[in-house]
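Data block below; observations after.
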Amino acid sequence: MKSIFLRLFFLAAVVITGFFLLNLTKIKTSKPNNKIESKNDSVIAPRSVSNTYEVRAVKVPKYIEFAGERVPLEKADIFERLDRELLVNTYWQSNALLLMKRANKFFPLIEPLLKKYNLPDDFKYLCVAESALIQVPSHKGAAGYWHFLPSTGREYGLEINKNVDERYNLELSTKVAAAYLKKSKERFDSWTLAAAAYNAGNGRISKRLKEQKVSNYYDLLLNVETGRYLFRILALKEIMSNPKKYGFLFDKEDLYTYPKVKEIIVDTPIENIADFAKQYNITYKELKLVNPWLRETRLNNKSGKEYKIQIPLE
C-alpha cells in the first residue's frame, strides 16, 4: 500500500514540476510590458493599481480637545503625532469597526457611570484604548475594562483573587478608574496629564515634568508608549464620533448590544455556578458572560459579602 502511495506521489510531483517549468519558460520568453492584453492581443488598460484602488491621506481636524483641554495642533510635532494615530486607526478598518460595534454595547453602561463619578465623558475613549472593551489581560498583568494591575486594584478596594476579580466588574472598576484619575487631576491640574499618568504612573509623570521644566503633556518628551497614548485616545474619539467622515458605514443591526439584565444580591457561597444558573433558566456561559468577575465555577464567599450578580432576561 505504501509503495503504491509513493509512486502516485512521485508521479504527481513530476507533473506539477513540469507544469511549473513550462509556465516559467513562457514568462521568461514573453516580452515585458506594462499593459494588460486580451486573448486577441488588443490592449485593455495600463497595468496600474491606481485604476481600482486609492489610499487617501486623512485630514487632521482643525480643532480637537480632550476633556475640555485644547490640543495645540499649531505645533508641528503635535500635528504629526495626531496624524499618525488617525492614519493607523482609520486604515486598520477591521479593528475600528469592532471598536464601534462594542462601543454601542458598552458606552450606554459606561457613560452614566462616568457622569455618576464626575469624570469627563472623553474618558470612555481611554477605556477603549486600554482594553478595546474586551476581557484580555495585558502581558504585564493589567486586566478588566480599565486595565488595572492587581496592586492598583487592591489599593482602591477591589477584591482580586483566583475566585473573584472585580477588575472585570464594569461598575466597580469604573468607580476605581474615576477615583484614580481625579486624584491625578488634583495633582497635575490637568485631565490630559491625568490620562498620561494613567499609562505611565503619577510618579513618572511628575519626575519628567520636573526634569524637563515644563507643565503640560504636549511639551513633554516621553517614552514611545506614553508619547503616543493621548494621541491614540484622541484619534479614537475623532473616528468613533465621526465614523462616516472616515469611511465607516454600518446599519443599526450591525452593532452589538448588551443584554437586558436584572440584578440579584447574593451573600452566601455558590457551590456550583452552573446549577445556580439553571435556577434562572440560563446557561453557565450566559451567566459568566455578564459576570466575568466570577473567575471560577463556584463563588467561595466565606465572609458573607454581598455581591451583585446580573441575570440575563433574554
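Identifiers in this document derive from the order of the C-alpha cells: chains are assigned A, B, ..., residues are numbered from 1 separately in each chain, and ligands are numbered from 1 in order of occurrence.
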
Pull the closest atom pair for each residue of segment 220-292 of chain A that gets at most 12 Å from segment 184-194 of chain A, along with the distance in Å to one decimal, counting only C-alpha atoms, ordering rows by chain and then ascending residue number, as a Markdown table.
```
| residue | atom | partner | partner_atom | distance |
| --- | --- | --- | --- | --- |
| A:Leu220 | CA | A:Leu193 | CA | 10.1 |
| A:Thr226 | CA | A:Leu193 | CA | 10.6 |
| A:Gly227 | CA | A:Leu193 | CA | 11.4 |
| A:Tyr229 | CA | A:Thr192 | CA | 10.4 |
| A:Leu230 | CA | A:Thr192 | CA | 7.5 |
| A:Phe231 | CA | A:Thr192 | CA | 10.5 |
| A:Ile233 | CA | A:Thr192 | CA | 10.5 |
| A:Leu234 | CA | A:Thr192 | CA | 10.6 |
```

> segment 142-146 of chain A: which residues within 7 Å, counting only C-alpha atoms, same-chain residues fewer than 6 positions away excluded, as JSON, numbers by chain?
Replying inline: {"A": [127, 130, 131, 133, 134, 135, 136, 167, 168, 170, 173, 177]}

Store the residues of this selection in a file with C-alpha atoms, as a CSV table (one decimal), in the first residue's frame.
```csv
chain,number,residue,atom,x,y,z
A,127,CYS,CA,-11.2,52.8,28.4
A,130,GLU,CA,-6.8,50.3,27.4
A,131,SER,CA,-8.9,47.2,26.8
A,133,LEU,CA,-13.7,46.7,25.6
A,134,ILE,CA,-12.8,43.0,25.7
A,135,GLN,CA,-11.6,40.9,28.6
A,136,VAL,CA,-8.0,40.2,27.5
A,167,ARG,CA,-11.4,44.4,37.8
A,168,TYR,CA,-13.8,42.7,35.5
A,170,LEU,CA,-17.6,47.3,35.0
A,173,SER,CA,-13.8,49.2,38.0
A,177,ALA,CA,-10.7,54.5,37.5
```

>> From the options A:Lys245, A:Ala274, A:Leu172, A:Gly141, which residue's atoms come nearest to Tyr156 of chain A, counting only C-alpha atoms?
In response: A:Leu172

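Distance check against Val71 of chain A using only C-alpha atoms: of A:Ile239, A:Asn202, A:Thr297, A:Tyr217, the minimum falls on A:Tyr217.
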
>> What's the separation between atom CA of Leu98 of chain A and atom CA of Asp122 of chain A, in Å to one decimal place?
In response: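 Calculated distance between atom CA of Leu98 of chain A and atom CA of Asp122 of chain A is 19.0 Å.
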